[in-house]
Every structure is written in C-alpha cells, then in structure tokens.
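Colleague: This is data39.cif (mmCIF, C-alpha atoms).
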data_work
loop_
_atom_site.label_atom_id
_atom_site.label_comp_id
_atom_site.auth_asym_id
_atom_site.auth_seq_id
_atom_site.Cartn_x
_atom_site.Cartn_y
_atom_site.Cartn_z
CA MET W 1 48.89 -1.41 22.84
CA THR W 2 48.29 -4.87 21.35
CA PHE W 3 47.21 -3.33 18.02
CA GLN W 4 50.38 -1.23 17.87
CA ILE W 5 52.51 -4.34 18.28
CA ILE W 6 50.63 -6.35 15.66
CA LEU W 7 50.76 -3.49 13.17
CA THR W 8 54.48 -2.95 13.73
CA LEU W 9 55.24 -6.65 13.33
CA PHE W 10 53.20 -6.85 10.15
CA ALA W 11 54.95 -3.78 8.73
CA LEU W 12 58.35 -5.30 9.56
CA PHE W 13 57.27 -8.52 7.84
CA ALA W 14 56.25 -6.57 4.73
CA ILE W 15 59.58 -4.71 4.68
CA VAL W 16 61.60 -7.92 5.01
CA ARG W 17 59.60 -9.61 2.23
CA THR W 18 59.95 -6.69 -0.16
CA THR W 19 63.68 -6.40 0.49
CA ARG W 20 64.11 -10.11 -0.21
CA GLN W 21 62.13 -9.80 -3.43
CA TYR W 22 64.32 -6.87 -4.43
CA GLN W 23 67.43 -8.98 -3.81
CA ARG W 24 65.98 -11.66 -6.08
CA ARG W 25 65.34 -8.98 -8.72
CA LYS W 26 61.59 -9.52 -8.57
CA VAL W 27 60.71 -5.91 -7.83
CA SER W 28 62.30 -2.67 -9.01
CA LEU W 29 64.29 -0.27 -6.81
CA HIS W 30 61.53 2.28 -7.33
CA TRP W 31 58.93 -0.14 -5.91
CA LEU W 32 61.24 -1.14 -3.01
CA LEU W 33 61.69 2.46 -1.88
CA LEU W 34 58.01 3.32 -2.30
CA TRP W 35 56.71 0.22 -0.53
CA ASN W 36 59.24 0.21 2.33
CA GLY W 37 58.75 3.96 2.76
CA LEU W 38 55.02 3.40 3.15
CA TRP W 39 55.48 0.70 5.77
CA ALA W 40 58.05 2.82 7.59
CA VAL W 41 55.41 5.52 7.89
CA VAL W 42 53.00 2.90 9.26
CA ILE W 43 55.53 1.89 11.94
CA ALA W 44 56.20 5.50 12.86
CA THR W 45 52.48 6.16 13.15
CA ALA W 46 51.93 3.03 15.24
CA LEU W 47 54.73 3.78 17.67
CA TYR W 48 54.23 7.55 17.92
CA PRO W 49 50.50 8.26 17.34
CA LYS W 50 51.06 11.81 18.60
CA THR W 51 53.13 12.61 15.47
CA ALA W 52 50.27 11.55 13.23
CA ASP W 53 47.88 13.66 15.29
CA ALA W 54 50.17 16.65 14.84
CA ILE W 55 50.31 16.15 11.04
CA ALA W 56 46.55 15.64 10.94
CA GLY W 57 46.02 18.82 12.89
CA ALA W 58 48.30 20.70 10.48
CA VAL W 59 46.23 19.67 7.43
CA GLY W 60 42.90 20.22 9.20
CA VAL W 61 41.84 16.67 10.12
CA GLY W 62 40.97 15.92 13.74
CA ARG W 63 42.91 12.74 14.45
CA GLY W 64 45.93 11.00 12.97
CA ALA W 65 44.04 7.73 12.58
CA ASP W 66 41.34 9.52 10.56
CA LEU W 67 43.94 11.06 8.28
CA ALA W 68 45.46 7.63 7.65
CA LEU W 69 42.03 6.24 6.82
CA TYR W 70 41.18 9.05 4.40
CA MET W 71 44.48 8.69 2.62
CA ALA W 72 44.02 4.93 2.39
CA VAL W 73 40.59 5.34 0.78
CA VAL W 74 41.89 7.84 -1.79
CA THR W 75 44.89 5.65 -2.59
CA LEU W 76 42.72 2.55 -3.01
CA ALA W 77 40.25 4.40 -5.24
CA TYR W 78 43.14 5.50 -7.45
CA LEU W 79 44.58 1.99 -7.64
CA VAL W 80 41.17 0.55 -8.57
CA PHE W 81 40.88 3.12 -11.34
CA ARG W 82 44.30 2.20 -12.68
CA LEU W 83 43.41 -1.49 -12.64
CA PHE W 84 40.20 -0.69 -14.46
CA VAL W 85 42.04 1.07 -17.28
CA ARG W 86 44.66 -1.68 -17.42
CA GLN W 87 41.90 -4.29 -17.66
CA GLU W 88 40.30 -2.45 -20.60
CA GLU W 89 43.64 -2.39 -22.38
CA THR W 90 44.06 -6.12 -21.85
CA GLU W 91 40.59 -6.77 -23.29
CA HIS W 92 41.46 -4.71 -26.36
CA SER W 93 44.71 -6.59 -26.82
CA VAL W 94 42.93 -9.94 -26.63
CA THR W 95 40.40 -8.84 -29.24
CA LYS W 96 43.18 -7.61 -31.52
CA LEU W 97 44.98 -10.92 -31.20
CA VAL W 98 41.82 -12.97 -31.85
CA ARG W 99 41.08 -10.77 -34.89
CA GLU W 100 44.53 -11.17 -36.39
CA ILE W 101 44.47 -14.94 -35.94
CA ALA W 102 41.01 -15.14 -37.57
CA ILE W 103 42.13 -13.11 -40.59
CA ARG W 104 45.44 -14.96 -40.94
CA ASP W 105 43.76 -18.37 -40.74
CA VAL W 106 41.22 -17.61 -43.46
CA GLU W 107 43.93 -16.14 -45.70
CA ASN W 108 46.06 -19.26 -45.30
CA SER W 109 43.15 -21.57 -46.02
CA THR W 110 42.11 -19.67 -49.16
CA LYS W 111 45.68 -19.75 -50.54
CA LYS W 112 45.85 -23.54 -50.36
CA MET V 1 31.33 -1.71 -57.42
CA LYS V 2 31.88 -4.53 -54.95
CA ILE V 3 29.19 -5.00 -52.30
CA VAL V 4 30.09 -7.20 -49.33
CA ALA V 5 27.71 -8.30 -46.57
CA ILE V 6 29.33 -8.73 -43.17
CA ILE V 7 27.53 -11.04 -40.80
CA PRO V 8 28.55 -11.63 -37.17
CA ALA V 9 27.25 -14.98 -35.97
CA TYR V 10 27.18 -16.73 -32.62
CA ASN V 11 25.46 -20.12 -32.31
CA GLU V 12 23.29 -19.57 -35.39
CA ALA V 13 23.83 -22.88 -37.18
CA ALA V 14 20.07 -23.24 -37.72
CA ARG V 15 19.55 -19.81 -39.28
CA VAL V 16 22.84 -18.50 -40.68
CA GLY V 17 22.59 -20.51 -43.92
CA THR V 18 19.26 -18.91 -44.83
CA ALA V 19 20.55 -15.45 -43.94
CA VAL V 20 23.70 -15.89 -46.05
CA ARG V 21 21.77 -17.17 -49.08
CA ASP V 22 19.27 -14.35 -48.69
CA ALA V 23 22.03 -11.72 -48.57
CA LEU V 24 24.00 -13.25 -51.46
CA ARG V 25 21.08 -12.59 -53.82
CA PHE V 26 21.91 -8.88 -53.51
CA VAL V 27 25.66 -8.70 -52.72
CA ASP V 28 28.89 -9.93 -54.32
CA ALA V 29 30.28 -11.68 -51.26
CA ALA V 30 29.32 -12.47 -47.67
CA VAL V 31 31.80 -12.57 -44.78
CA VAL V 32 30.61 -14.40 -41.68
CA VAL V 33 32.55 -14.08 -38.44
CA ASP V 34 31.88 -17.13 -36.31
CA ASP V 35 32.37 -15.69 -32.82
CA CYS V 36 33.53 -18.95 -31.24
CA SER V 37 30.16 -20.70 -31.58
CA VAL V 38 29.75 -24.09 -29.96
CA ASP V 39 27.50 -25.36 -32.78
CA ASN V 40 28.20 -25.73 -36.52
CA THR V 41 27.65 -22.08 -37.41
CA GLY V 42 30.88 -21.94 -39.40
CA ASP V 43 30.12 -25.00 -41.53
CA ALA V 44 26.55 -23.88 -42.17
CA ALA V 45 27.73 -20.46 -43.33
CA ARG V 46 30.47 -21.93 -45.53
CA ALA V 47 27.99 -24.34 -47.12
CA ALA V 48 25.74 -21.38 -47.96
CA GLY V 49 28.61 -19.68 -49.79
CA ALA V 50 30.11 -17.28 -47.25
CA VAL V 51 33.76 -16.67 -46.41
CA VAL V 52 34.03 -17.68 -42.75
CA LEU V 53 36.44 -16.19 -40.21
CA ARG V 54 36.53 -17.75 -36.77
CA HIS V 55 37.26 -16.01 -33.49
CA ALA V 56 39.23 -18.40 -31.28
CA ILE V 57 37.67 -16.75 -28.21
CA ASN V 58 34.20 -15.19 -28.03
CA ARG V 59 34.72 -11.42 -28.28
CA GLY V 60 31.20 -10.08 -28.91
CA GLN V 61 29.26 -8.65 -31.82
CA GLY V 62 31.15 -5.36 -32.05
CA ALA V 63 34.47 -7.18 -32.24
CA ALA V 64 33.11 -9.58 -34.88
CA LEU V 65 31.87 -6.68 -37.03
CA GLN V 66 35.27 -5.02 -36.86
CA THR V 67 37.04 -8.26 -37.81
CA ALA V 68 34.76 -8.74 -40.82
CA THR V 69 35.19 -5.08 -41.80
CA GLU V 70 38.98 -5.28 -41.78
CA TYR V 71 38.90 -8.46 -43.86
CA ALA V 72 36.35 -7.09 -46.35
CA LEU V 73 38.35 -3.90 -46.83
CA SER V 74 41.79 -5.47 -47.17
CA ALA V 75 41.34 -8.92 -48.69
CA LEU V 76 38.10 -8.40 -50.65
CA ARG V 77 38.61 -4.73 -51.59
CA ALA V 78 34.94 -4.02 -50.80
CA ASP V 79 33.47 -0.72 -52.02
CA VAL V 80 30.30 -0.95 -49.96
CA LEU V 81 29.81 -2.93 -46.73
CA VAL V 82 26.44 -4.08 -45.48
CA HIS V 83 25.95 -5.08 -41.83
CA PHE V 84 23.52 -7.98 -41.87
CA ASP V 85 22.21 -10.28 -39.12
CA ALA V 86 22.78 -14.02 -39.02
CA ASP V 87 19.42 -14.88 -37.45
CA GLY V 88 17.16 -14.25 -40.44
CA GLN V 89 15.34 -11.27 -38.90
CA MET V 90 16.40 -9.01 -41.78
CA SER V 91 15.44 -9.46 -45.39
CA GLY V 92 17.98 -9.31 -48.18
CA SER V 93 15.47 -7.54 -50.42
CA ASP V 94 16.04 -4.38 -48.33
CA ILE V 95 19.74 -4.33 -49.33
CA PRO V 96 19.33 -2.49 -52.68
CA SER V 97 17.49 0.44 -51.07
CA MET V 98 20.03 0.47 -48.20
CA ILE V 99 23.04 0.82 -50.52
CA ALA V 100 21.40 3.18 -53.03
CA PRO V 101 22.32 6.41 -51.15
CA ILE V 102 25.96 5.27 -51.04
CA VAL V 103 26.10 4.27 -54.70
CA SER V 104 24.60 7.63 -55.69
CA GLY V 105 27.07 9.45 -53.43
CA GLU V 106 24.32 10.97 -51.31
CA ALA V 107 25.58 9.47 -48.04
CA ASP V 108 28.57 7.70 -46.45
CA VAL V 109 26.53 5.66 -44.01
CA VAL V 110 22.95 4.38 -44.26
CA LEU V 111 21.20 3.15 -41.13
CA GLY V 112 18.16 0.90 -41.23
CA SER V 113 15.09 2.02 -39.34
CA ARG V 114 12.08 0.05 -38.16
CA PHE V 115 10.06 3.23 -37.75
CA LEU V 116 9.97 4.71 -41.25
CA GLY V 117 6.98 2.99 -42.74
CA LYS V 118 7.80 -0.67 -43.08
CA THR V 119 6.01 -2.60 -40.38
CA SER V 120 7.81 -4.77 -37.87
CA ASN V 121 6.08 -6.89 -35.27
CA MET V 122 8.14 -5.35 -32.48
CA PRO V 123 7.14 -6.27 -28.91
CA PHE V 124 6.13 -3.29 -26.73
CA VAL V 125 8.98 -3.62 -24.22
CA ARG V 126 11.41 -3.61 -27.12
CA TRP V 127 9.78 -0.54 -28.55
CA PHE V 128 9.97 1.32 -25.23
CA ALA V 129 13.62 0.38 -24.65
CA ASN V 130 14.35 1.54 -28.18
CA ARG V 131 12.78 4.97 -27.51
CA LEU V 132 15.12 5.36 -24.51
CA ALA V 133 18.08 4.27 -26.63
CA VAL V 134 17.20 6.89 -29.27
CA LEU V 135 17.24 9.56 -26.53
CA PHE V 136 20.52 8.23 -25.14
CA THR V 137 22.15 8.32 -28.58
CA PHE V 138 20.94 11.88 -29.13
CA ALA V 139 22.22 12.93 -25.70
CA VAL V 140 25.71 11.46 -26.02
CA SER V 141 26.38 11.70 -29.75
CA GLY V 142 24.09 14.51 -30.89
CA ILE V 143 22.67 12.40 -33.72
CA ARG V 144 18.92 12.32 -34.10
CA LEU V 145 17.75 8.93 -35.34
CA THR V 146 14.33 7.31 -35.56
CA ASP V 147 15.75 3.92 -34.57
CA ALA V 148 18.65 3.06 -32.30
CA HIS V 149 20.48 -0.24 -32.26
CA ASN V 150 19.24 -1.40 -35.64
CA GLY V 151 21.88 -3.79 -36.91
CA PHE V 152 21.08 -3.18 -40.59
CA ARG V 153 23.61 -0.69 -41.93
CA ALA V 154 25.43 0.14 -45.15
CA LEU V 155 28.80 1.89 -45.21
CA SER V 156 30.99 3.22 -47.97
CA ARG V 157 34.59 1.99 -48.10
CA ASN V 158 35.76 5.39 -46.90
CA ALA V 159 33.35 5.41 -43.95
CA ALA V 160 34.15 1.83 -42.95
CA SER V 161 37.88 2.45 -42.94
CA ARG V 162 37.51 5.57 -40.81
CA MET V 163 35.13 4.09 -38.24
CA THR V 164 36.96 1.65 -35.99
CA ILE V 165 34.64 -0.15 -33.59
CA THR V 166 36.45 -0.48 -30.26
CA ILE V 167 33.50 -1.61 -28.13
CA ASP V 168 33.52 -5.39 -28.40
CA ARG V 169 30.07 -6.14 -27.03
CA MET V 170 26.55 -4.84 -27.65
CA ALA V 171 27.33 -1.18 -26.98
CA HIS V 172 29.02 -0.93 -30.39
CA ALA V 173 25.54 -0.05 -31.65
CA SER V 174 25.78 3.19 -29.66
CA GLN V 175 29.37 3.73 -30.71
CA ILE V 176 28.53 3.68 -34.43
CA PRO V 177 26.39 6.88 -34.41
CA ASP V 178 29.14 8.41 -32.30
CA LEU V 179 31.79 7.49 -34.87
CA ILE V 180 29.62 8.92 -37.66
CA LYS V 181 29.42 12.22 -35.80
CA VAL V 182 33.10 12.32 -34.80
CA ASN V 183 34.27 11.60 -38.36
CA GLY V 184 31.81 14.07 -39.87
CA LEU V 185 30.23 11.45 -42.15
CA ARG V 186 26.96 11.98 -44.00
CA CYS V 187 24.28 9.67 -42.70
CA VAL V 188 20.71 8.88 -43.78
CA GLU V 189 18.08 6.40 -42.58
CA ARG V 190 16.12 4.00 -44.77
CA PRO V 191 13.13 1.85 -43.83
CA VAL V 192 13.77 -1.85 -43.26
CA ALA V 193 11.52 -4.67 -42.15
CA ILE V 194 12.60 -6.74 -39.18
CA THR V 195 10.69 -9.92 -38.46
CA TYR V 196 10.72 -11.05 -34.86
CA SER V 197 10.25 -14.73 -34.22
CA ALA V 198 9.85 -16.47 -30.89
CA GLU V 199 13.16 -18.23 -31.47
CA THR V 200 15.24 -15.11 -32.04
CA LEU V 201 13.54 -13.20 -29.25
CA ALA V 202 14.37 -15.95 -26.81
CA LYS V 203 18.02 -15.80 -27.82
CA SER V 204 18.48 -12.03 -27.88
CA PRO V 205 19.31 -10.13 -24.69
CA SER V 206 16.54 -8.70 -22.52
CA SER V 207 15.88 -4.99 -22.55
CA LEU V 208 17.41 -4.79 -19.08
CA ARG V 209 20.75 -5.37 -20.69
CA ALA V 210 20.47 -1.77 -21.82
CA PHE V 211 22.11 -0.78 -18.54
CA GLY V 212 25.12 -2.84 -19.50
CA ILE V 213 25.22 -1.10 -22.86
CA VAL V 214 25.18 2.35 -21.28
CA LYS V 215 27.95 1.28 -18.91
CA ASP V 216 30.17 -0.11 -21.70
CA PHE V 217 29.63 2.95 -23.84
CA LEU V 218 30.53 5.40 -21.07
CA LYS V 219 33.50 3.26 -20.07
CA ASP V 220 34.87 3.37 -23.59
CA LYS V 221 34.30 7.09 -23.91
CA PHE V 222 35.84 8.17 -20.65
CA PHE V 223 38.13 5.49 -19.29
CA THR V 224 40.17 4.36 -22.25
CA ARG V 225 43.62 5.78 -22.69
CA VAL V 226 43.92 7.33 -26.14
#
Could I get this structure in the form of structure tokens?

Modeller:
Amino acid sequence: MTFQIILTLFALFAIVRTTRQYQRRKVSLHWLLLWNGLWAVVIATALYPKTADAIAGAVGVGRGADLALYMAVVTLAYLVFRLFVRQEETEHSVTKLVREIAIRDVENSTKK
Amino acid sequence: MKIVAIIPAYNEAARVGTAVRDALRFVDAAVVVDDCSVDNTGDAARAAGAVVLRHAINRGQGAALQTATEYALSALRADVLVHFDADGQMSGSDIPSMIAPIVSGEADVVLGSRFLGKTSNMPFVRWFANRLAVLFTFAVSGIRLTDAHNGFRALSRNAASRMTITIDRMAHASQIPDLIKVNGLRCVERPVAITYSAETLAKSPSSLRAFGIVKDFLKDKFFTRV
C-alpha cells in the first residue's frame, strides 16, 4: 500500500514538472504527451494492479509487475543504444571541427 | 610527381625532428599533424622542415592521418602519400621501394610489412598480438596480409581521396585494409625494417589494447549511422 502511494505521488510530480516545462517551451508537445502518457500508465498500474495483471495475462506474462519490468528493460536498452550512436556522432563532429581549424590555421599562417 | 610524407605526432619532440629529416631525403614535402602534444613537437617538426598542422584537442592517430591527408591532397596537390611514423622506428630509405609500385601503376596502395625478409627486432608478445591482428583483419575485411597494423604505407592520390578514415584512434589500422577492400583498390606489400627501441616501446600501447581496437572497429562498422 505504501509503495502504491509513493509511486503515485512521484508520477504526479513528474507530470506536473513536465507540464510546467511545456508551458515554458522547454519541451515539445510530442515529448509532453509521451512522457505524461507514460506516467499516467504508471499511476493506473499502481492504483489498479489487477488491470496490469490482465494485460500481462493477455500477452503471456504471469504478472503485471513482471510485464512492467520487462518493458522497462527493453526501453532502457533501446535508449542506451540511441545514446551510444548519438555519442559517436558527437565524437565525429568534434574531430571534423578540430580538423577544419587545423587546416585553416596553417593556411592562414602560410599566406602571411 | 609530388611525394608527400604524412606524419601524425603526439609528444614526440625528442624524435620527430630526426624522423622528418629522414623522410625529407626521399619525399618532396612532409606534413606533421601535432595531435595536441604537451611538449614542443610542433616546433621541432617545423625546425626540421615540415609543414605543421595542430589539433586543438587530441583526437588520435587515425584522425591525425586523415587531417594530414586532406591537407596534402588539397593544399599540396600530392600525387603519392606516404604514412610515416614520428618516433624514428621507420627508416626513410624504405620510402623509394614503398612508392615504386604506385609510380609504376602496379598498385593503388602499398603496405609495409615486417615479415617479408627485412629483420625487425620485434618483441615476442608484439609478434603474437600481430598474428592475431592478421587473423582479425582477414576475418572482418577478407584481406590476407603478412603484417597487420604496420603504420608504413604509401597511397596514390586516387586511393587517398577515396579512403576516408573515420576511426579516430588506433583501430584506424584495421579500417585501412577494410577501406582498400570496400573501394576495390589494388594493394601490395613491401618489406620494411622497423627498429624497436626501449623508449618507443615504453610509449606505445600494450598489446592488451588490442581489445580496445577490436571494440572501436566493430563499433564503427555496425553502430554508425550512414
């Protein structure tokens, strides 16, 4: 019971924060809907665990909590992968920038 | 025909001057990329007669080679590029035999090999790691070499402009055979002598770093958006 309350309060906190950030134009509408939708699902699952169990049963997983955990792992793995690719791109951009500065500098100094 | 040596250098103030002078006996120009050294590598190279480009942030040997290549192709209009080391392990007198197959039109890329006759005082662990690297290169790129990760190379202008090194750090040495294969370039090996000294061995990465090289290579091949 305690866990349900904490989870619900935290989800509400997240929703309020995101909505505020949206009002300040710090996040896009797309992100607002996605993020708040996710936390709404969390609240629903916390308050009515039976629903989650029913969904879990429908897709062939024993318990609702297990389903939530599996989905969380898959989502996190995907996000890590995306970060990984993004990080590589950043590294390449830095190298490109360093290269262009090096070539420009030597060309300027030889012209003088 | 304009021959340009390209020399990546990182903290080689003590040796880069000798390497540049040695190379300049056999090439028309030398381009040194000072990869953000904390010593006077740049000044030493300039004093020896090289054109020096400086990376404002250390980006690794692969990145430095690519920087020098782009400069040699565009600003110096190089016809043949020679990859040469800054630490004095290579000898300039091998340059003529390295570029000969390109000048004669027999090959687009010439790779130096430590296992084709000329003797090198290679430590055993190095030798063993190199055998594994040769197998790795054959497995991932389908190119059969006698020596992997030998930094002595010669490239025609055409080959150099088609092969873009995107792996910034050590794994570029595995990417090069891959680029040769992908671009369908003609490649031959020529014997070169590499002299190991206690100083350069202490500075160069341990053979265990090979795992890092494999990781970087696979990362570039599979995880980079094209």

Colleague: Applying the PyMOL selection byres ((chain W and resi 34-44) around 10) to the file I just gave you, which residues come out? Please list them as JSON, numbers by chain.

Modeller: {"W": [4, 5, 7, 8, 9, 10, 11, 12, 13, 14, 15, 16, 17, 18, 19, 28, 29, 30, 31, 32, 33, 45, 46, 47, 48, 49, 50, 51, 52, 68]}

Colleague: Please measure the separation of CA of Met98 in chain V and CA of Val52 in chain V, giving the value in Å to one decimal.

Modeller: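 According to the coordinates, CA of Met98 in chain V and CA of Val52 in chain V are separated by 23.6 Å.
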
Colleague: Using all atoms listed in the file, which residue out of V:Ala63, V:Val192, V:Cys36, V:Met122 lies closest to Val110 in chain V?

Modeller: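 Smallest distance to Val110 in chain V is found for V:Val192.
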
Colleague: Restrict the calculation to only C-alpha atoms, then for each residue of chain V with any atom at most 6 Å from an atom of chain W give the closest atom pair and their distance in Å to one decimal, rows by chain and rising residue number, as CSV.

Modeller:
residue,atom,partner,partner_atom,distance
V:Leu53,CA,W:Ala102,CA,5.4
V:Arg54,CA,W:Ala102,CA,5.2
V:His55,CA,W:Ala102,CA,5.6
V:Thr67,CA,W:Arg99,CA,5.6

Colleague: List as a ChimeraX atom specification: which residues have an atom within 10 Å of (14.2, -1.3, -28.1), counting only C-alpha atoms?

Modeller: /V:122-134,147-150,206-207,210

Colleague: Generate the output file for the selected residues, C-alpha atoms, as an mmCIF file, in the coordinates of the input.

Modeller:
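Writing done, so here's out_12.cif:
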data_model
loop_
_atom_site.group_PDB
_atom_site.id
_atom_site.type_symbol
_atom_site.label_atom_id
_atom_site.label_comp_id
_atom_site.auth_asym_id
_atom_site.auth_seq_id
_atom_site.Cartn_x
_atom_site.Cartn_y
_atom_site.Cartn_z
ATOM 1 C CA MET V 122 8.140 -5.350 -32.480
ATOM 2 C CA PRO V 123 7.140 -6.270 -28.910
ATOM 3 C CA PHE V 124 6.130 -3.290 -26.730
ATOM 4 C CA VAL V 125 8.980 -3.620 -24.220
ATOM 5 C CA ARG V 126 11.410 -3.610 -27.120
ATOM 6 C CA TRP V 127 9.780 -0.540 -28.550
ATOM 7 C CA PHE V 128 9.970 1.320 -25.230
ATOM 8 C CA ALA V 129 13.620 0.380 -24.650
ATOM 9 C CA ASN V 130 14.350 1.540 -28.180
ATOM 10 C CA ARG V 131 12.780 4.970 -27.510
ATOM 11 C CA LEU V 132 15.120 5.360 -24.510
ATOM 12 C CA ALA V 133 18.080 4.270 -26.630
ATOM 13 C CA VAL V 134 17.200 6.890 -29.270
ATOM 14 C CA ASP V 147 15.750 3.920 -34.570
ATOM 15 C CA ALA V 148 18.650 3.060 -32.300
ATOM 16 C CA HIS V 149 20.480 -0.240 -32.260
ATOM 17 C CA ASN V 150 19.240 -1.400 -35.640
ATOM 18 C CA SER V 206 16.540 -8.700 -22.520
ATOM 19 C CA SER V 207 15.880 -4.990 -22.550
ATOM 20 C CA ALA V 210 20.470 -1.770 -21.820
#

Colleague: Pick out the closest residue to Ile95 in chain V from this set: V:Ala139, V:Leu179, V:Val4, V:Ala45. Count only C-alpha atoms.

Modeller: V:Val4

Colleague: Identify which of the residues V:Leu65, V:Ala44, V:Phe217, V:Ser197 lies closest to Val140 in chain V, counting all atoms listed in the file when measuring atom-to-atom distances.

Modeller: V:Phe217

Colleague: Go ahead and compute the interatomic distance for CA of Asp220 in chain V and CA of Ala171 in chain V, in Å to one decimal.

Modeller: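 Computing it gives 9.4 Å between the two atoms.
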
Colleague: What is the CA of Leu76 in chain V-CA of Ala159 in chain V distance in Å, reported with one decimal?

Modeller: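 Between these atoms lies a distance of 16.1 Å.
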
Colleague: Mind listing as a ChimeraX atom specification all residues within 7 Å of (23.3, 11.0, -46.3), counting all atoms listed in the file?

Modeller: /V:101,106-110,186-188

Colleague: Given the choices V:Ile102, V:Glu189, V:Arg25, V:Ala86, which gets closest to Glu12 in chain V if the distance is worked out from all atoms listed in the file?

Modeller: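 Once distances to Glu12 in chain V are computed over all atoms listed in the file, the minimum belongs to V:Ala86.
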
Colleague: Could you name the residues that touch range 80-82 of chain V at 9 Å or less, counting only C-alpha atoms, but leaving out those on the same chain fewer than 5 positions away, as a CSV table (one decimal) with C-alpha atoms, in the frame of the given file?

Modeller:
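Output (selection.csv):
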chain,number,residue,atom,x,y,z
V,1,MET,CA,31.3,-1.7,-57.4
V,2,LYS,CA,31.9,-4.5,-55.0
V,3,ILE,CA,29.2,-5.0,-52.3
V,4,VAL,CA,30.1,-7.2,-49.3
V,5,ALA,CA,27.7,-8.3,-46.6
V,6,ILE,CA,29.3,-8.7,-43.2
V,7,ILE,CA,27.5,-11.0,-40.8
V,27,VAL,CA,25.7,-8.7,-52.7
V,69,THR,CA,35.2,-5.1,-41.8
V,72,ALA,CA,36.4,-7.1,-46.4
V,73,LEU,CA,38.4,-3.9,-46.8
V,95,ILE,CA,19.7,-4.3,-49.3
V,98,MET,CA,20.0,0.5,-48.2
V,99,ILE,CA,23.0,0.8,-50.5
V,102,ILE,CA,26.0,5.3,-51.0
V,103,VAL,CA,26.1,4.3,-54.7
V,152,PHE,CA,21.1,-3.2,-40.6
V,153,ARG,CA,23.6,-0.7,-41.9
V,154,ALA,CA,25.4,0.1,-45.2
V,155,LEU,CA,28.8,1.9,-45.2
V,156,SER,CA,31.0,3.2,-48.0
V,157,ARG,CA,34.6,2.0,-48.1
V,158,ASN,CA,35.8,5.4,-46.9
V,160,ALA,CA,34.2,1.8,-43.0

Colleague: Which residues would end up in the selection if the PyMOL selection byres ((chain V and resi 193) around 9) were applied here, given that I need the answer as a ChimeraX atom specification?

Modeller: /V:89-91,94,112-114,117-120,191-192,194-195

Colleague: Go through the shown structure with the PyMOL selection byres ((chain V and resi 181) around 12) and write out the matching residues as a list of chain:residue names.

Modeller: V:Asp108, V:Val109, V:Thr137, V:Phe138, V:Val140, V:Ser141, V:Gly142, V:Ile143, V:Arg144, V:Ala159, V:Arg162, V:Met163, V:Ser174, V:Gln175, V:Ile176, V:Pro177, V:Asp178, V:Leu179, V:Ile180, V:Val182, V:Asn183, V:Gly184, V:Leu185, V:Arg186, V:Cys187

Colleague: Between W:Leu83, W:Val27, W:Met1, W:Ala56, which is the closest to Tyr70 in chain W once you count only C-alpha atoms?

Modeller: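 Answer, going by the shortest atom-to-atom distance: W:Ala56.
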
Colleague: From the list V:His83, V:Arg190, V:Arg59, V:Arg77, which residue is nearest Met170 in chain V when using all atoms listed in the file?

Modeller: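 Looking at the shortest contact to Met170 in chain V, the residue is V:Arg59.
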